[in-house]
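Colleague: query-v4.pdb is the file, holding PDB, C-alpha atoms:
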```pdb
ATOM      1  CA  MET A1242       0.000   0.000   0.000  1.00  0.00           C
ATOM      2  CA  TYR A1243       1.511   3.270  -1.086  1.00  0.00           C
ATOM      3  CA  ALA A1244       1.893   6.581   0.693  1.00  0.00           C
ATOM      4  CA  ILE A1245       3.293   9.632  -1.011  1.00  0.00           C
ATOM      5  CA  ALA A1246       6.827  10.576   0.054  1.00  0.00           C
ATOM      6  CA  PRO A1247       9.795   8.546  -1.258  1.00  0.00           C
ATOM      7  CA  LEU A1248      11.360   9.867  -4.465  1.00  0.00           C
ATOM      8  CA  ASP A1249      11.794   6.365  -5.899  1.00  0.00           C
ATOM      9  CA  PHE A1250       8.070   5.762  -5.425  1.00  0.00           C
ATOM     10  CA  LEU A1251       7.198   8.958  -7.300  1.00  0.00           C
ATOM     11  CA  ILE A1252       9.474   7.864 -10.141  1.00  0.00           C
ATOM     12  CA  ASN A1253       7.913   4.398 -10.304  1.00  0.00           C
ATOM     13  CA  ILE A1254       4.323   5.594 -10.111  1.00  0.00           C
ATOM     14  CA  CYS A1255       4.711   7.683 -13.267  1.00  0.00           C
ATOM     15  CA  SER A1256       4.486   4.429 -15.229  1.00  0.00           C
ATOM     16  CA  MET A1257       1.276   3.396 -13.475  1.00  0.00           C
ATOM     17  CA  ASP A1258      -2.410   3.994 -14.102  1.00  0.00           C
ATOM     18  CA  VAL A1259      -4.613   5.448 -11.346  1.00  0.00           C
ATOM     19  CA  PHE A1260      -8.334   4.768 -11.145  1.00  0.00           C
ATOM     20  CA  LEU A1261      -9.645   7.922  -9.490  1.00  0.00           C
ATOM     21  CA  HIS A1262     -13.040   8.008  -7.828  1.00  0.00           C
ATOM     22  CA  ILE A1263     -14.438  11.492  -8.496  1.00  0.00           C
ATOM     23  CA  CYS A1264     -17.094  12.861  -6.181  1.00  0.00           C
ATOM     24  CA  CYS A1265     -17.697  15.993  -8.293  1.00  0.00           C
ATOM     25  CA  GLY A1266     -16.130  18.211 -10.933  1.00  0.00           C
ATOM     26  CA  PRO A1267     -14.770  21.007  -8.711  1.00  0.00           C
ATOM     27  CA  CYS A1268     -13.149  18.569  -6.274  1.00  0.00           C
ATOM     28  CA  ALA A1269     -11.376  16.855  -9.185  1.00  0.00           C
ATOM     29  CA  LEU A1270      -9.629  19.982 -10.479  1.00  0.00           C
ATOM     30  CA  TYR A1271      -6.705  20.106  -8.054  1.00  0.00           C
ATOM     31  CA  PRO A1272      -6.004  16.330  -7.843  1.00  0.00           C
ATOM     32  CA  LEU A1273      -6.052  16.087 -11.656  1.00  0.00           C
ATOM     33  CA  GLU A1274      -3.595  18.969 -11.809  1.00  0.00           C
ATOM     34  CA  VAL A1275      -1.271  17.165  -9.381  1.00  0.00           C
ATOM     35  CA  PHE A1276      -1.410  13.916 -11.342  1.00  0.00           C
ATOM     36  CA  LYS A1277      -0.806  15.750 -14.615  1.00  0.00           C
ATOM     37  CA  GLU A1278       2.263  17.550 -13.241  1.00  0.00           C
ATOM     38  CA  ARG A1279       3.701  14.196 -12.139  1.00  0.00           C
ATOM     39  CA  GLY A1280       2.969  12.539 -15.452  1.00  0.00           C
ATOM     40  CA  ILE A1281       0.611  10.019 -13.860  1.00  0.00           C
ATOM     41  CA  ARG A1282      -2.106   8.587 -16.086  1.00  0.00           C
ATOM     42  CA  VAL A1283      -5.623   8.885 -14.649  1.00  0.00           C
ATOM     43  CA  THR A1284      -9.003   7.408 -15.459  1.00  0.00           C
ATOM     44  CA  GLY A1285     -11.907   8.915 -13.572  1.00  0.00           C
ATOM     45  CA  PHE A1286     -14.738   6.927 -12.011  1.00  0.00           C
ATOM     46  CA  PHE A1287     -18.065   8.553 -11.185  1.00  0.00           C
ATOM     47  CA  TYR A1288     -19.988   6.472  -8.670  1.00  0.00           C
ATOM     48  CA  ASN A1289     -21.997   8.598  -6.264  1.00  0.00           C
ATOM     49  CA  PRO A1290     -25.432   7.163  -5.451  1.00  0.00           C
ATOM     50  CA  ASN A1291     -25.518   9.537  -2.492  1.00  0.00           C
ATOM     51  CA  ILE A1292     -26.293  12.578  -4.668  1.00  0.00           C
ATOM     52  CA  HIS A1293     -29.949  13.658  -4.548  1.00  0.00           C
ATOM     53  CA  PRO A1294     -32.340  14.901  -5.810  1.00  0.00           C
ATOM     54  CA  TYR A1295     -32.101  13.992  -9.481  1.00  0.00           C
ATOM     55  CA  MET A1296     -31.747  17.564 -10.776  1.00  0.00           C
ATOM     56  CA  GLU A1297     -28.732  18.057  -8.485  1.00  0.00           C
ATOM     57  CA  PHE A1298     -27.275  14.770  -9.734  1.00  0.00           C
ATOM     58  CA  GLU A1299     -27.700  15.944 -13.315  1.00  0.00           C
ATOM     59  CA  ARG A1300     -25.980  19.278 -12.609  1.00  0.00           C
ATOM     60  CA  ARG A1301     -22.981  17.519 -11.086  1.00  0.00           C
ATOM     61  CA  VAL A1302     -22.675  15.124 -14.003  1.00  0.00           C
ATOM     62  CA  LYS A1303     -22.645  18.050 -16.439  1.00  0.00           C
ATOM     63  CA  ALA A1304     -20.029  19.871 -14.327  1.00  0.00           C
ATOM     64  CA  LEU A1305     -17.806  16.790 -14.336  1.00  0.00           C
ATOM     65  CA  GLU A1306     -18.230  16.415 -18.083  1.00  0.00           C
ATOM     66  CA  GLU A1307     -16.769  19.912 -18.429  1.00  0.00           C
ATOM     67  CA  VAL A1308     -13.844  19.065 -16.144  1.00  0.00           C
ATOM     68  CA  VAL A1309     -12.883  15.798 -17.865  1.00  0.00           C
ATOM     69  CA  ALA A1310     -13.158  17.470 -21.283  1.00  0.00           C
ATOM     70  CA  LEU A1311     -10.839  20.297 -20.194  1.00  0.00           C
ATOM     71  CA  ASN A1312      -8.344  17.847 -18.710  1.00  0.00           C
ATOM     72  CA  ARG A1313      -8.708  15.235 -21.477  1.00  0.00           C
ATOM     73  CA  VAL A1314      -9.280  12.490 -18.942  1.00  0.00           C
ATOM     74  CA  ASP A1315     -11.072   9.220 -19.641  1.00  0.00           C
ATOM     75  CA  ILE A1316     -14.087   8.660 -17.403  1.00  0.00           C
ATOM     76  CA  VAL A1317     -16.015   5.561 -16.360  1.00  0.00           C
ATOM     77  CA  TRP A1318     -19.659   6.269 -15.521  1.00  0.00           C
ATOM     78  CA  ALA A1319     -21.050   3.699 -13.105  1.00  0.00           C
ATOM     79  CA  THR A1320     -24.379   2.107 -13.958  1.00  0.00           C
ATOM     80  CA  PRO A1321     -27.068   2.403 -12.877  1.00  0.00           C
ATOM     81  CA  ALA A1322     -26.169   6.086 -12.731  1.00  0.00           C
ATOM     82  CA  TYR A1323     -28.687   7.399 -10.215  1.00  0.00           C
ATOM     83  CA  GLY A1324     -28.769   5.297  -7.055  1.00  0.00           C
ATOM     84  CA  LEU A1325     -31.311   6.859  -4.698  1.00  0.00           C
ATOM     85  CA  ARG A1326     -33.073   3.617  -3.754  1.00  0.00           C
ATOM     86  CA  LYS A1327     -29.869   1.637  -3.211  1.00  0.00           C
ATOM     87  CA  TRP A1328     -28.318   4.398  -1.115  1.00  0.00           C
ATOM     88  CA  LEU A1329     -31.408   4.776   1.070  1.00  0.00           C
ATOM     89  CA  SER A1330     -31.666   1.016   1.566  1.00  0.00           C
ATOM     90  CA  LEU A1331     -28.134   1.003   3.023  1.00  0.00           C
ATOM     91  CA  ILE A1332     -28.523   4.137   5.136  1.00  0.00           C
ATOM     92  CA  GLY A1333     -31.916   3.163   6.555  1.00  0.00           C
ATOM     93  CA  ASP A1334     -32.598   5.167   9.709  1.00  0.00           C
ATOM     94  CA  LYS A1335     -28.886   6.008  10.186  1.00  0.00           C
ATOM     95  CA  SER A1336     -29.360   9.557   8.946  1.00  0.00           C
ATOM     96  CA  SER A1337     -27.109  11.438  11.378  1.00  0.00           C
ATOM     97  CA  TYR A1338     -23.760  12.783  10.188  1.00  0.00           C
ATOM     98  CA  GLU A1339     -21.877  10.410  12.515  1.00  0.00           C
ATOM     99  CA  THR A1340     -23.550   7.259  11.200  1.00  0.00           C
ATOM    100  CA  ARG A1341     -24.456   7.873   7.566  1.00  0.00           C
ATOM    101  CA  CYS A1342     -21.083   9.147   6.289  1.00  0.00           C
ATOM    102  CA  PRO A1343     -19.071   5.999   7.127  1.00  0.00           C
ATOM    103  CA  ILE A1344     -21.688   3.883   5.333  1.00  0.00           C
ATOM    104  CA  CYS A1345     -21.595   6.196   2.339  1.00  0.00           C
ATOM    105  CA  TYR A1346     -17.789   6.143   2.164  1.00  0.00           C
ATOM    106  CA  GLU A1347     -17.750   2.355   2.497  1.00  0.00           C
ATOM    107  CA  MET A1348     -20.250   1.965  -0.312  1.00  0.00           C
ATOM    108  CA  ARG A1349     -18.385   4.167  -2.780  1.00  0.00           C
ATOM    109  CA  MET A1350     -14.841   3.075  -1.954  1.00  0.00           C
ATOM    110  CA  ASP A1351     -15.754  -0.607  -2.093  1.00  0.00           C
ATOM    111  CA  GLU A1352     -17.145  -0.190  -5.598  1.00  0.00           C
ATOM    112  CA  THR A1353     -14.136   1.897  -6.651  1.00  0.00           C
ATOM    113  CA  ALA A1354     -11.527  -0.593  -5.438  1.00  0.00           C
ATOM    114  CA  LYS A1355     -13.450  -3.522  -6.905  1.00  0.00           C
ATOM    115  CA  GLU A1356     -13.859  -1.812 -10.286  1.00  0.00           C
ATOM    116  CA  ALA A1357     -10.205  -0.738 -10.347  1.00  0.00           C
ATOM    117  CA  LYS A1358      -9.057  -4.297  -9.710  1.00  0.00           C
ATOM    118  CA  LYS A1359     -11.434  -5.714 -12.319  1.00  0.00           C
ATOM    119  CA  ARG A1360     -10.205  -3.260 -14.960  1.00  0.00           C
ATOM    120  CA  GLY A1361      -6.547  -3.984 -14.259  1.00  0.00           C
ATOM    121  CA  PHE A1362      -5.460  -0.674 -12.738  1.00  0.00           C
ATOM    122  CA  ASP A1363      -2.347  -0.396 -10.588  1.00  0.00           C
ATOM    123  CA  LEU A1364      -3.832   1.980  -8.015  1.00  0.00           C
ATOM    124  CA  PHE A1365      -7.046   3.633  -6.947  1.00  0.00           C
ATOM    125  CA  SER A1366      -7.695   6.892  -5.145  1.00  0.00           C
ATOM    126  CA  THR A1367     -10.480   9.398  -4.526  1.00  0.00           C
ATOM    127  CA  THR A1368     -11.073  13.143  -4.782  1.00  0.00           C
ATOM    128  CA  LEU A1369     -12.811  12.946  -1.403  1.00  0.00           C
ATOM    129  CA  LEU A1370      -9.284  13.442  -0.044  1.00  0.00           C
ATOM    130  CA  TYR A1371      -9.419  16.999  -1.412  1.00  0.00           C
ATOM    131  CA  SER A1372     -12.421  18.238   0.550  1.00  0.00           C
ATOM    132  CA  LYS A1373     -12.025  20.009   3.891  1.00  0.00           C
ATOM    133  CA  TYR A1374     -15.600  19.052   4.704  1.00  0.00           C
ATOM    134  CA  GLN A1375     -15.142  15.286   4.474  1.00  0.00           C
ATOM    135  CA  ARG A1376     -13.853  12.992   7.226  1.00  0.00           C
ATOM    136  CA  HIS A1377     -10.361  12.673   5.824  1.00  0.00           C
ATOM    137  CA  GLU A1378      -8.772  10.107   8.128  1.00  0.00           C
ATOM    138  CA  LEU A1379     -11.842   7.891   8.018  1.00  0.00           C
ATOM    139  CA  ILE A1380     -11.780   7.933   4.216  1.00  0.00           C
ATOM    140  CA  ARG A1381      -8.100   7.003   4.261  1.00  0.00           C
ATOM    141  CA  LYS A1382      -8.713   4.148   6.685  1.00  0.00           C
ATOM    142  CA  ILE A1383     -11.593   2.782   4.599  1.00  0.00           C
ATOM    143  CA  CYS A1384      -9.569   2.989   1.380  1.00  0.00           C
ATOM    144  CA  GLU A1385      -6.675   1.137   2.984  1.00  0.00           C
ATOM    145  CA  ALA A1386      -9.081  -1.599   4.070  1.00  0.00           C
ATOM    146  CA  LYS A1387     -10.534  -1.861   0.552  1.00  0.00           C
ATOM    147  CA  ALA A1388      -7.011  -2.076  -0.880  1.00  0.00           C
ATOM    148  CA  ARG A1389      -6.339  -5.109   1.304  1.00  0.00           C
ATOM    149  CA  LYS A1390      -9.728  -6.628   0.505  1.00  0.00           C
ATOM    150  CA  TYR A1391      -9.298  -6.501  -3.269  1.00  0.00           C
ATOM    151  CA  GLY A1392      -5.504  -6.809  -3.509  1.00  0.00           C
ATOM    152  CA  ILE A1393      -4.866  -3.466  -5.150  1.00  0.00           C
ATOM    153  CA  ASP A1394      -2.778  -0.508  -3.994  1.00  0.00           C
ATOM    154  CA  PHE A1395      -4.308   2.699  -2.689  1.00  0.00           C
ATOM    155  CA  TYR A1396      -2.746   6.008  -3.685  1.00  0.00           C
ATOM    156  CA  TYR A1397      -2.951   8.335  -0.717  1.00  0.00           C
ATOM    157  CA  GLU A1398      -2.261  12.051  -0.784  1.00  0.00           C
ATOM    158  CA  ASP A1399      -3.636  14.899   1.277  1.00  0.00           C
ATOM    159  CA  PHE A1400      -5.076  17.014  -1.519  1.00  0.00           C
ATOM    160  CA  ARG A1401      -6.529  19.495   0.976  1.00  0.00           C
ATOM    161  CA  VAL A1402      -3.383  21.584   0.583  1.00  0.00           C
ATOM    162  CA  GLY A1403      -4.805  22.651  -2.777  1.00  0.00           C
ATOM    163  CA  TRP A1404      -8.269  23.535  -1.454  1.00  0.00           C
ATOM    164  CA  LYS A1405      -8.024  27.226  -2.308  1.00  0.00           C
ATOM    165  CA  THR A1406      -6.389  26.540  -5.669  1.00  0.00           C
ATOM    166  CA  GLY A1407      -9.198  24.198  -6.658  1.00  0.00           C
ATOM    167  CA  ILE A1408     -11.914  26.672  -5.682  1.00  0.00           C
ATOM    168  CA  GLU A1409     -10.271  29.518  -7.556  1.00  0.00           C
ATOM    169  CA  LYS A1410      -9.914  27.383 -10.649  1.00  0.00           C
ATOM    170  CA  ALA A1411     -13.567  26.269 -10.522  1.00  0.00           C
ATOM    171  CA  VAL A1412     -14.704  29.886 -10.212  1.00  0.00           C
ATOM    172  CA  ASP A1413     -12.455  31.011 -13.081  1.00  0.00           C
ATOM    173  CA  LEU A1414     -13.775  28.227 -15.308  1.00  0.00           C
ATOM    174  CA  GLY A1415     -17.392  28.818 -14.293  1.00  0.00           C
ATOM    175  CA  ILE A1416     -17.795  25.185 -13.175  1.00  0.00           C
ATOM    176  CA  TYR A1417     -20.924  24.521 -11.122  1.00  0.00           C
ATOM    177  CA  ARG A1418     -20.036  24.283  -7.428  1.00  0.00           C
ATOM    178  CA  GLN A1419     -22.540  22.386  -5.330  1.00  0.00           C
ATOM    179  CA  PRO A1420     -23.819  23.995  -2.102  1.00  0.00           C
ATOM    180  CA  TYR A1421     -23.928  20.747  -0.071  1.00  0.00           C
ATOM    181  CA  CYS A1422     -22.272  17.342   0.186  1.00  0.00           C
ATOM    182  CA  GLY A1423     -24.799  15.465  -1.899  1.00  0.00           C
ATOM    183  CA  CYS A1424     -27.338  13.504   0.100  1.00  0.00           C
ATOM    184  CA  ILE A1425     -30.803  14.672   1.073  1.00  0.00           C
ATOM    185  CA  PHE A1426     -29.807  14.719   4.736  1.00  0.00           C
ATOM    186  CA  SER A1427     -26.849  17.031   4.182  1.00  0.00           C
ATOM    187  CA  GLU A1428     -29.105  19.246   2.079  1.00  0.00           C
ATOM    188  CA  GLN A1429     -31.615  19.440   4.920  1.00  0.00           C
ATOM    189  CA  GLU A1430     -28.897  20.195   7.481  1.00  0.00           C
ATOM    190  CA  ARG A1431     -27.685  23.062   5.329  1.00  0.00           C
ATOM    191  CA  TYR A1432     -31.077  24.719   5.700  1.00  0.00           C
ATOM    192  CA  LEU A1433     -31.827  23.920   9.341  1.00  0.00           C
ATOM    193  CA  LYS A1434     -31.820  27.562  10.453  1.00  0.00           C
ATOM    194  CA  ARG A1435     -34.051  28.561   7.565  1.00  0.00           C
ATOM    195  CA  LEU A1436     -36.319  25.618   8.315  1.00  0.00           C
ATOM    196  CA  LYS A1437     -36.718  26.699  11.926  1.00  0.00           C
ATOM    197  CA  ARG A1438     -37.613  30.241  10.808  1.00  0.00           C
ATOM    198  CA  LEU A1439     -40.086  28.874   8.287  1.00  0.00           C
ATOM    199  CA  GLU A1440     -41.743  26.629  10.863  1.00  0.00           C
ATOM    200  CA  SER A1441     -41.953  29.549  13.269  1.00  0.00           C
ATOM    201  CA  ASN A1442     -43.588  31.728  10.615  1.00  0.00           C
ATOM    202  CA  MET A1443     -45.989  28.940   9.689  1.00  0.00           C
ATOM    203  CA  LYS A1444     -46.986  28.519  13.332  1.00  0.00           C
ATOM    204  CA  GLU A1445     -47.452  32.261  13.737  1.00  0.00           C
ATOM    205  CA  LYS A1446     -49.668  32.465  10.665  1.00  0.00           C
ATOM    206  CA  GLU A1447     -51.647  29.484  11.892  1.00  0.00           C
ATOM    207  CA  VAL A1448     -52.369  31.299  15.156  1.00  0.00           C
ATOM    208  CA  GLN A1449     -53.259  34.516  13.336  1.00  0.00           C
ATOM    209  CA  GLY A1450     -55.577  32.588  11.054  1.00  0.00           C
ATOM    210  CA  SER A1451     -57.350  31.025  14.035  1.00  0.00           C
ATOM    211  CA  GLU A1452     -57.764  34.417  15.693  1.00  0.00           C
ATOM    212  CA  SER A1453     -59.342  35.911  12.577  1.00  0.00           C
ATOM    213  CA  HIS A1454     -62.152  33.344  12.762  1.00  0.00           C
ATOM    214  CA  ALA A1455     -62.774  33.852  16.466  1.00  0.00           C
TER     215      ALA A1455
END
```
Now that the file is in, can you turn its structure into structure tokens?

Modeller:
Amino acid sequence: MYAIAPLDFLINICSMDVFLHICCGPCALYPLEVFKERGIRVTGFFYNPNIHPYMEFERRVKALEEVVALNRVDIVWATPAYGLRKWLSLIGDKSSYETRCPICYEMRMDETAKEAKKRGFDLFSTTLLYSKYQRHELIRKICEAKARKYGIDFYYEDFRVGWKTGIEKAVDLGIYRQPYCGCIFSEQERYLKRLKRLESNMKEKEVQGSESHA
């Protein structure tokens, strides 16, 4: 299992092919730049059944299409593409941040490692390692476990160092940047304060309506 550091490793990896799980277009920009600078060949893999609702899923697919076209990267689109029912069946009632994210990571990294091995790639990795909002060490731990499970090496690098660079590049290119992680629960959590205000206003109007009929 590889970890980025030794010079001899960096020299050897330039002759290898990396199967890169891509969570979204903007998060792929910096990692793809790093791989390109090192002369490492990359094939992207889009498998994200956690992204809902469908219109959001469609926007992210289109954004990634722009990114892979700009970077001239091959991409594997997992099928079935939209996995709402499968994702919900695995999450069940484990909707809290602490419980749902590990399941979601497990689901996506298992499929990535398995697909990479099946297609004959030397290594697999993920753009989830770029995001400051993801549980970085947990993702690394899960990927290492999947590497052992399927007998394939995991390419680890802390891409968070390029967080600002990636954002600036996405803005400059006009690439759609999603406002939440992807799942319906993270979308709801993003609007919790607004939801509370809405519920308060609804309650207030309900009382006012009752008083007008008194």

Colleague: One decimal, Å: what's the distance from atom CA of A:Ser1330 over to atom CA of A:Pro1294, could you say?

Modeller: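 Interatomic distance here is 15.7 Å.
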
Colleague: Do you know which residues are at most 12 Å from A:Thr1284 counting all atoms listed in the file, after dropping those on the same chain fewer than 2 positions away, and could you put them as a count of residues only?

Modeller: 34

Colleague: What's around stretch 1297-1305 of chain A at 9 Å? Count only C-alpha atoms, leave out sequence neighbours fewer than 4 positions away in its own chain, and write the answer as a ChimeraX atom specification.

Modeller: /A:1263-1267,1269,1287,1289-1290,1292-1293,1309-1310,1323,1416-1419,1423

Colleague: Please enumerate the residues selected by the PyMOL selection byres ((chain A and resi 1374) around 12) when evaluated against the supplied file, formatted as a PDB file with C-alpha atoms, in the coordinates of the input.

Modeller:
```pdb
ATOM      1  CA  CYS A1268     -13.149  18.569  -6.274  1.00  0.00           C
ATOM      2  CA  TYR A1338     -23.760  12.783  10.188  1.00  0.00           C
ATOM      3  CA  CYS A1342     -21.083   9.147   6.289  1.00  0.00           C
ATOM      4  CA  LEU A1369     -12.811  12.946  -1.403  1.00  0.00           C
ATOM      5  CA  LEU A1370      -9.284  13.442  -0.044  1.00  0.00           C
ATOM      6  CA  TYR A1371      -9.419  16.999  -1.412  1.00  0.00           C
ATOM      7  CA  SER A1372     -12.421  18.238   0.550  1.00  0.00           C
ATOM      8  CA  LYS A1373     -12.025  20.009   3.891  1.00  0.00           C
ATOM      9  CA  GLN A1375     -15.142  15.286   4.474  1.00  0.00           C
ATOM     10  CA  ARG A1376     -13.853  12.992   7.226  1.00  0.00           C
ATOM     11  CA  HIS A1377     -10.361  12.673   5.824  1.00  0.00           C
ATOM     12  CA  GLU A1378      -8.772  10.107   8.128  1.00  0.00           C
ATOM     13  CA  ILE A1380     -11.780   7.933   4.216  1.00  0.00           C
ATOM     14  CA  ARG A1401      -6.529  19.495   0.976  1.00  0.00           C
ATOM     15  CA  TRP A1404      -8.269  23.535  -1.454  1.00  0.00           C
ATOM     16  CA  PRO A1420     -23.819  23.995  -2.102  1.00  0.00           C
ATOM     17  CA  TYR A1421     -23.928  20.747  -0.071  1.00  0.00           C
ATOM     18  CA  CYS A1422     -22.272  17.342   0.186  1.00  0.00           C
ATOM     19  CA  GLY A1423     -24.799  15.465  -1.899  1.00  0.00           C
ATOM     20  CA  SER A1427     -26.849  17.031   4.182  1.00  0.00           C
TER      21      SER A1427
END
```

Colleague: Between atom CA of A:Asp1351 and atom CA of A:Arg1389, what is the distance in Å, rounded to a tenth?

Modeller: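 Going from atom CA of A:Asp1351 over to atom CA of A:Arg1389, I get 11.0 Å.
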
Colleague: Please expand the PyMOL selection byres ((chain A and resi 1388) around 9) into the concrete residues it hits in this file, giving the result as a VMD selection string.

Modeller: chain A and resid 1242 1351 1354 to 1355 1364 to 1365 1383 to 1387 1389 to 1395

Colleague: Can you work out the spacing between atom CA of A:Glu1347 and atom CA of A:Pro1272 in Å, to one decimal?

Modeller: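 Rounded to one decimal, the two atoms are 21.0 Å apart.
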
Colleague: Within 9 Å of A:Thr1406, counting all atoms listed in the file, which residues qualify if same-chain residues fewer than 5 places away don't, as number ranges by chain?

Modeller: A: 1270-1271, 1411

Colleague: Could those selected residues go to a file with C-alpha atoms, as a tab-separated table (two decimals), in the frame of the given file?

Modeller:
```
chain	number	residue	atom	x	y	z
A	1270	LEU	CA	-9.63	19.98	-10.48
A	1271	TYR	CA	-6.70	20.11	-8.05
A	1411	ALA	CA	-13.57	26.27	-10.52
```

Colleague: Going by the chain IDs and residue numbers used in this file, which residues fall under the PyMOL selection byres ((chain A and resi 1329) around 12)? Write them as a list in words.

Modeller: Pro1290, Asn1291, Ile1292, His1293, Tyr1323, Gly1324, Leu1325, Arg1326, Lys1327, Trp1328, Ser1330, Leu1331, Ile1332, Gly1333, Asp1334, Lys1335, Ser1336, Arg1341, Ile1344, Cys1345, Met1348, Cys1424, Ile1425 and Phe1426 of chain A

Colleague: Assuming 4 Å of padding per side, give the centre and edge lengths of the axis-aligned box around every listed atom of stretch 1355-1359 of chain A, in Å to one decimal and as lines of an AutoDock Vina configuration file.

Modeller:
```
center_x = -11.5
center_y = -3.2
center_z = -9.6
size_x = 12.8
size_y = 13.0
size_z = 13.4
```

Colleague: Save stretch 1327-1367 of chain A of the structure in the block above to a file, with C-alpha atoms included, as an mmCIF file, in the first residue's frame.

Modeller:
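File produced: result.cif:
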```cif
data_model
loop_
_atom_site.group_PDB
_atom_site.id
_atom_site.type_symbol
_atom_site.label_atom_id
_atom_site.label_comp_id
_atom_site.auth_asym_id
_atom_site.auth_seq_id
_atom_site.Cartn_x
_atom_site.Cartn_y
_atom_site.Cartn_z
ATOM 1 C CA LYS A 1327 -29.869 1.637 -3.211
ATOM 2 C CA TRP A 1328 -28.318 4.398 -1.115
ATOM 3 C CA LEU A 1329 -31.408 4.776 1.070
ATOM 4 C CA SER A 1330 -31.666 1.016 1.566
ATOM 5 C CA LEU A 1331 -28.134 1.003 3.023
ATOM 6 C CA ILE A 1332 -28.523 4.137 5.136
ATOM 7 C CA GLY A 1333 -31.916 3.163 6.555
ATOM 8 C CA ASP A 1334 -32.598 5.167 9.709
ATOM 9 C CA LYS A 1335 -28.886 6.008 10.186
ATOM 10 C CA SER A 1336 -29.360 9.557 8.946
ATOM 11 C CA SER A 1337 -27.109 11.438 11.378
ATOM 12 C CA TYR A 1338 -23.760 12.783 10.188
ATOM 13 C CA GLU A 1339 -21.877 10.410 12.515
ATOM 14 C CA THR A 1340 -23.550 7.259 11.200
ATOM 15 C CA ARG A 1341 -24.456 7.873 7.566
ATOM 16 C CA CYS A 1342 -21.083 9.147 6.289
ATOM 17 C CA PRO A 1343 -19.071 5.999 7.127
ATOM 18 C CA ILE A 1344 -21.688 3.883 5.333
ATOM 19 C CA CYS A 1345 -21.595 6.196 2.339
ATOM 20 C CA TYR A 1346 -17.789 6.143 2.164
ATOM 21 C CA GLU A 1347 -17.750 2.355 2.497
ATOM 22 C CA MET A 1348 -20.250 1.965 -0.312
ATOM 23 C CA ARG A 1349 -18.385 4.167 -2.780
ATOM 24 C CA MET A 1350 -14.841 3.075 -1.954
ATOM 25 C CA ASP A 1351 -15.754 -0.607 -2.093
ATOM 26 C CA GLU A 1352 -17.145 -0.190 -5.598
ATOM 27 C CA THR A 1353 -14.136 1.897 -6.651
ATOM 28 C CA ALA A 1354 -11.527 -0.593 -5.438
ATOM 29 C CA LYS A 1355 -13.450 -3.522 -6.905
ATOM 30 C CA GLU A 1356 -13.859 -1.812 -10.286
ATOM 31 C CA ALA A 1357 -10.205 -0.738 -10.347
ATOM 32 C CA LYS A 1358 -9.057 -4.297 -9.710
ATOM 33 C CA LYS A 1359 -11.434 -5.714 -12.319
ATOM 34 C CA ARG A 1360 -10.205 -3.260 -14.960
ATOM 35 C CA GLY A 1361 -6.547 -3.984 -14.259
ATOM 36 C CA PHE A 1362 -5.460 -0.674 -12.738
ATOM 37 C CA ASP A 1363 -2.347 -0.396 -10.588
ATOM 38 C CA LEU A 1364 -3.832 1.980 -8.015
ATOM 39 C CA PHE A 1365 -7.046 3.633 -6.947
ATOM 40 C CA SER A 1366 -7.695 6.892 -5.145
ATOM 41 C CA THR A 1367 -10.480 9.398 -4.526
#
```
